[in-house]
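Engineer: Structure in structure tokens, see below.
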Amino acid sequence: MTAATKLKLVHPAMTEQPKSPSNDPELPLVELVNVCKSYGEGKNKASILKNINLSIKDGEFIAIVGFSGSGKTTLISTLAGLIQADSGAVLKQGKPITAPGPDRGVVFQNYSLMPWLTVFENVALAVDEIFKDWPADKRRAHTEKYVRMVNLGAAMDKMPAELSGGMRQRVNVARALAANPDILLLDEPLSALDALTRGNLQDEILSIWEQEKKTVILITNDVDEAIYMADRVIPLNPGPDATFGPDFPVTIARPRDRTALNHNEEFKRLRAEITQYLMAIGMEKAQDTLGDKVILPNVRPNTSNDWKNDSSALKPEQDNLGKARYLEFSQLSKIYPKPSGNGTVKVVDGFDLKMKKGEFISIIGHSGCGKSTVLSMAAGLTSISEGGIILDNREVDSAGPDKGVVFQAPSLFPWLTAFENVMLGVDKVYPHAKKSEREDIVEYYLTRVGLGDALRKKAGDMSNGMRQRVGIARAFALSPKLLLLDEPFGMLDSLTRWELQEVLMEVWERTHVTAIVVTHDVDEAILLADRVVMMTNGPHAKIGKIQEIDLPRPRSRKALLAHDDYYRYRESILTFLTECDHTH
């Protein structure tokens, strides 16, 4: 039997005399049958999608959980008709999709707005093109309807530059909906937004889905988002040769409440099942780059208070772990002048915290609450307006290698290799060590973060995930007294983020460096920390609540999901964040 014959047997619409879609209520609205897509030619040919099969009913909400390199954008572009499959069939109501059309509204991760047009004019562009035959007043009313539907009525005359990221994404959603599509294709539209804005837009999209009875296909890397929004969750296994994993039907009754889901046994079961499936896929794809590698030399860095008095220049194991008040924030405040030039605003107001040596703290809160400002003052990168910070009996008044910092986007030199980027710092803090010892330190940490086979690869040729691994290796290689992580995995997909969290914990277990991570991810905050510090909304942000995390170490995400106390900690933090949202 030929492949073409198989396709005809699979789908009646592909026989010589297809049924009329309008007379066949059983026909899926969208169907992909053995879809394959490759890029490149000859030796450079790369298979992205392989034998993709999917059937979606009219009005269904599907979430496809895709990760970097899984082919998710290729898939959504194929459904949109922006690119064509090499083989197989992409069908809408039994008819091949061969070109873009207003029946399929697409919202991508990046905001493709005309910067010189207002919110209204950006949406009207699509309306005027698609509904040319309508009178002007009808087109105007239609445009206004969808601008108001995404709660942008008050911003109708604003330019994109005057809008927040969340508002710009709402314009994209309004424009896609105003075309009156049958299908809404959402390619990670919320992934670049903070948690609060993301949650608000999730609710708006669900509300529109209920009102408009659209069919929605959402690509996301967030398992919670997928379960909260969809009827079915389908993993797209990482490529090359990406294929769909099993369907995970979501039977939780609608409307769904985020806080209530935390107590829902079906949500917990489904969340654990999908997460474990994805982690198992990730482990299959990961290459073991550790093997029998370099042993870390016991060299004391020159950031140690008494390194010059140690004639052996050997670095002992961490001593005095648990020492009280090793790091102390005393009534810390930060004041900035207002943009208008009229007066000042106190962003952080009286942040007061004492940390033990070797403790790991997470700071969490909504955007604008001053989390990163506190971290930046601790790093010595931002001046302190009031109060002070003491680290190991010394006041923090400037930046230095005793404070290792990992930002959301690591600041690497793109023309240098991973090895050279890390060596820049190692040369500064181990000037007394032998060249071979310094090289061993660099290789050890790059190997620990999974870059043993990419030591000589230039940073400019690396993916975001690989560059972030270099940033983590560099921070640990400095053997700092204090490790500061500012949303270190915020730009990465879930699978890469989970992998790097495991890497971070594995390396931290060896060093027990005193550490602070700023995050908006509740699960990340719990997974990493001994205590989660929750900040109130800014301005005048301060510590609102501290949650002790009494979970055994070493920790893994799998063990976390199975622990009796995990959802109790999760609810404590989510409740605080929800209450902060209401009082903003």
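Ligands are numbered from 1 in the order shown, chains are lettered A, B, ... in the order of the structure tokens, and residues start at 1 in each chain.
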Within 7 Å of segment 343-347 of chain A, counting only C-alpha atoms, which residues qualify if same-chain residues fewer than 2 places away don't, as a PyMOL selection string?
Structural biologist: chain A and resi 334-338+341+349+370+538-541
Engineer: Write the selection just made, keeping C-alpha atoms, as a JSON list (two decimals), in the first residue's frame?
Structural biologist:
```json
[["chain", "number", "residue", "atom", "x", "y", "z"],
["A", 334, "LYS", "CA", 16.30, 52.90, 47.32],
["A", 335, "ILE", "CA", 15.06, 56.32, 46.17],
["A", 336, "TYR", "CA", 14.92, 57.43, 42.53],
["A", 337, "PRO", "CA", 13.99, 60.82, 41.05],
["A", 338, "LYS", "CA", 10.62, 60.79, 39.28],
["A", 341, "GLY", "CA", 11.76, 65.59, 37.42],
["A", 349, "ASP", "CA", 11.40, 50.93, 51.61],
["A", 370, "GLY", "CA", 11.96, 46.14, 43.58],
["A", 538, "GLY", "CA", 6.00, 48.87, 44.68],
["A", 539, "PRO", "CA", 6.56, 51.69, 45.20],
["A", 540, "HIS", "CA", 7.53, 51.51, 48.90],
["A", 541, "ALA", "CA", 8.02, 47.75, 48.49]]
```
Engineer: For Ser207 of chain A, find every residue with an atom within 10 Å (counting only C-alpha atoms), except residues of its own chain fewer than 4 positions away, and show them as a ChimeraX atom specification.
Structural biologist: /A:149-150,201-203,211-213,255
Engineer: Could you list, as a short mmCIF file (atom, residue, chain, number, x, y, z; two decimals) with all heavy atoms, in the first residue's frame, every residue within 9 Å of Gly490 of chain A, counting only C-alpha atoms and ignoring same-chain residues fewer than 3 positions away?
Structural biologist:
```
data_model
loop_
_atom_site.label_atom_id
_atom_site.label_comp_id
_atom_site.auth_asym_id
_atom_site.auth_seq_id
_atom_site.Cartn_x
_atom_site.Cartn_y
_atom_site.Cartn_z
N ALA A 192 6.91 36.11 27.10
CA ALA A 192 7.84 37.19 27.45
C ALA A 192 7.29 38.11 28.53
O ALA A 192 7.92 39.09 28.89
CB ALA A 192 8.17 38.00 26.19
N GLN A 408 19.54 37.64 33.63
CA GLN A 408 18.64 36.96 32.70
C GLN A 408 19.33 36.74 31.35
O GLN A 408 19.17 35.70 30.73
CB GLN A 408 17.37 37.79 32.52
CG GLN A 408 16.25 37.05 31.84
CD GLN A 408 14.96 37.85 31.86
OE1 GLN A 408 14.97 39.08 31.88
NE2 GLN A 408 13.84 37.18 31.85
N ALA A 409 20.08 37.73 30.91
CA ALA A 409 20.86 37.61 29.68
C ALA A 409 22.33 37.75 30.05
O ALA A 409 22.78 38.84 30.41
CB ALA A 409 20.45 38.70 28.69
N ASP A 486 19.57 36.85 39.02
CA ASP A 486 18.43 37.72 38.70
C ASP A 486 17.65 37.14 37.53
O ASP A 486 18.04 37.30 36.38
CB ASP A 486 18.93 39.13 38.36
CG ASP A 486 17.77 40.13 38.28
OD1 ASP A 486 16.62 39.74 38.52
OD2 ASP A 486 18.04 41.31 37.97
N GLU A 487 16.54 36.42 37.83
CA GLU A 487 15.73 35.76 36.81
C GLU A 487 16.63 35.00 35.83
O GLU A 487 16.55 35.19 34.61
CB GLU A 487 14.90 36.79 36.03
CG GLU A 487 13.93 37.60 36.86
CD GLU A 487 12.57 36.92 37.03
OE1 GLU A 487 12.45 35.72 36.68
OE2 GLU A 487 11.66 37.58 37.54
N ASP A 493 13.05 28.20 27.62
CA ASP A 493 11.87 27.34 27.64
C ASP A 493 11.91 26.44 28.87
O ASP A 493 12.93 26.31 29.54
CB ASP A 493 11.81 26.49 26.36
CG ASP A 493 12.95 25.49 26.28
OD1 ASP A 493 12.85 24.44 26.93
OD2 ASP A 493 13.94 25.78 25.58
N ARG A 497 14.95 25.28 31.23
CA ARG A 497 14.93 25.87 32.57
C ARG A 497 15.02 24.78 33.63
O ARG A 497 15.79 24.90 34.59
CB ARG A 497 13.64 26.67 32.74
CG ARG A 497 13.64 27.56 33.97
CD ARG A 497 12.61 28.66 33.86
NE ARG A 497 11.25 28.17 33.90
CZ ARG A 497 10.35 28.41 32.94
NH1 ARG A 497 10.67 29.10 31.88
NH2 ARG A 497 9.13 27.95 33.06
N THR A 519 13.06 35.67 41.28
CA THR A 519 12.25 34.93 40.31
C THR A 519 10.78 35.33 40.43
O THR A 519 10.36 35.87 41.45
CB THR A 519 12.40 33.40 40.52
OG1 THR A 519 11.62 32.70 39.55
CG2 THR A 519 11.95 32.98 41.92
N HIS A 520 10.02 35.08 39.37
CA HIS A 520 8.56 35.22 39.49
C HIS A 520 7.89 33.86 39.35
O HIS A 520 6.67 33.75 39.31
CB HIS A 520 8.01 36.21 38.43
CG HIS A 520 8.15 35.72 37.01
ND1 HIS A 520 9.10 36.22 36.15
CD2 HIS A 520 7.49 34.77 36.32
CE1 HIS A 520 8.99 35.61 34.98
NE2 HIS A 520 8.03 34.72 35.07
N ASP A 521 8.72 32.81 39.31
CA ASP A 521 8.24 31.43 39.15
C ASP A 521 8.12 30.78 40.54
O ASP A 521 9.13 30.54 41.20
CB ASP A 521 9.23 30.66 38.27
CG ASP A 521 8.77 29.25 37.95
OD1 ASP A 521 8.19 28.59 38.83
OD2 ASP A 521 9.03 28.78 36.83
#
```
Engineer: Write out as a PyMOL selection string each polymer residue whose atoms come within 10 Å of Tyr566 of chain A, counting only C-alpha atoms; drop sequence neighbours fewer than 2 positions from it.
Structural biologist: chain A and resi 523+526-527+549-551+559-564+568-571
Engineer: Hey, can you spit out that residue selection with C-alpha atoms as an mmCIF file, in the first residue's frame?
Structural biologist:
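What ended up in selection-v3.cif:
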```
data_model
loop_
_atom_site.group_PDB
_atom_site.id
_atom_site.type_symbol
_atom_site.label_atom_id
_atom_site.label_comp_id
_atom_site.auth_asym_id
_atom_site.auth_seq_id
_atom_site.Cartn_x
_atom_site.Cartn_y
_atom_site.Cartn_z
ATOM 1 C CA ASP A 523 7.885 26.443 41.620
ATOM 2 C CA ILE A 526 10.329 26.590 46.267
ATOM 3 C CA LEU A 527 12.658 24.185 44.461
ATOM 4 C CA ILE A 549 10.835 25.671 52.939
ATOM 5 C CA ASP A 550 11.493 22.560 54.995
ATOM 6 C CA LEU A 551 12.118 20.053 52.193
ATOM 7 C CA ALA A 559 10.548 14.510 44.320
ATOM 8 C CA LEU A 560 9.135 17.990 44.886
ATOM 9 C CA LEU A 561 5.859 17.190 43.097
ATOM 10 C CA ALA A 562 5.446 14.051 45.221
ATOM 11 C CA HIS A 563 6.155 15.689 48.600
ATOM 12 C CA ASP A 564 3.196 16.170 50.967
ATOM 13 C CA ARG A 568 0.959 23.778 50.956
ATOM 14 C CA TYR A 569 4.032 25.934 50.288
ATOM 15 C CA ARG A 570 2.763 26.680 46.796
ATOM 16 C CA GLU A 571 -0.626 27.836 48.097
#
```
Engineer: Please compute the atom CA of Leu482 of chain A-atom CA of Gly368 of chain A distance, one decimal, in Å.
Structural biologist: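 Straight-line distance from atom CA of Leu482 of chain A to atom CA of Gly368 of chain A works out to 23.9 Å.
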Engineer: I'd like the contact shell of Leu391 of chain A - 7 Å cut-off, only C-alpha atoms, skipping same-chain residues fewer than 5 positions apart - returned as a ChimeraX atom specification.
Structural biologist: /A:326-328,396
Engineer: Go ahead and save the picked residues with C-alpha atoms, as a PDB file, in the first residue's frame.
Structural biologist:
```
ATOM      1  CA  TYR A 326      26.703  36.302  57.433  1.00  0.00           C
ATOM      2  CA  LEU A 327      24.710  38.558  55.079  1.00  0.00           C
ATOM      3  CA  GLU A 328      22.580  41.311  56.575  1.00  0.00           C
ATOM      4  CA  VAL A 396      28.956  46.250  50.556  1.00  0.00           C
TER       5      VAL A 396
END
```
Engineer: Can you measure atom CA of Ser398 of chain A to atom CA of Thr514 of chain A for me? One decimal in Å is fine.
Structural biologist: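 Atom CA of Thr514 of chain A lies 18.2 Å from atom CA of Ser398 of chain A.
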Engineer: Kindly indicate which residue among A:Ile573, A:Met462, A:Leu185, A:Val374 lies nearest to Val518 of chain A, using only C-alpha atoms for the distances.
Structural biologist: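 Checking each candidate against Val518 of chain A, we get A:Val374 as the closest.
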Engineer: Hey, what's within 10 Å of Phe108 of chain A if we count only C-alpha atoms and toss same-chain stuff fewer than 3 positions away? As number ranges by chain, please?
Structural biologist: A: 73, 76-77, 111-112, 169, 172-173, 185-190, 219
Engineer: Show which residues sit within 12 Å of segment 246-253 of chain A, as a ChimeraX atom specification. Count only C-alpha atoms, and ignore same-chain residues fewer than 6 positions away.
Structural biologist: /A:53-56,60-65,223-237,260-261,264-275,277-278
Engineer: Report, in Å with one decimal, the straight-line distance from atom CA of Thr382 of chain A to atom CA of Thr536 of chain A.
Structural biologist: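 Distance between the two atoms: 20.6 Å.
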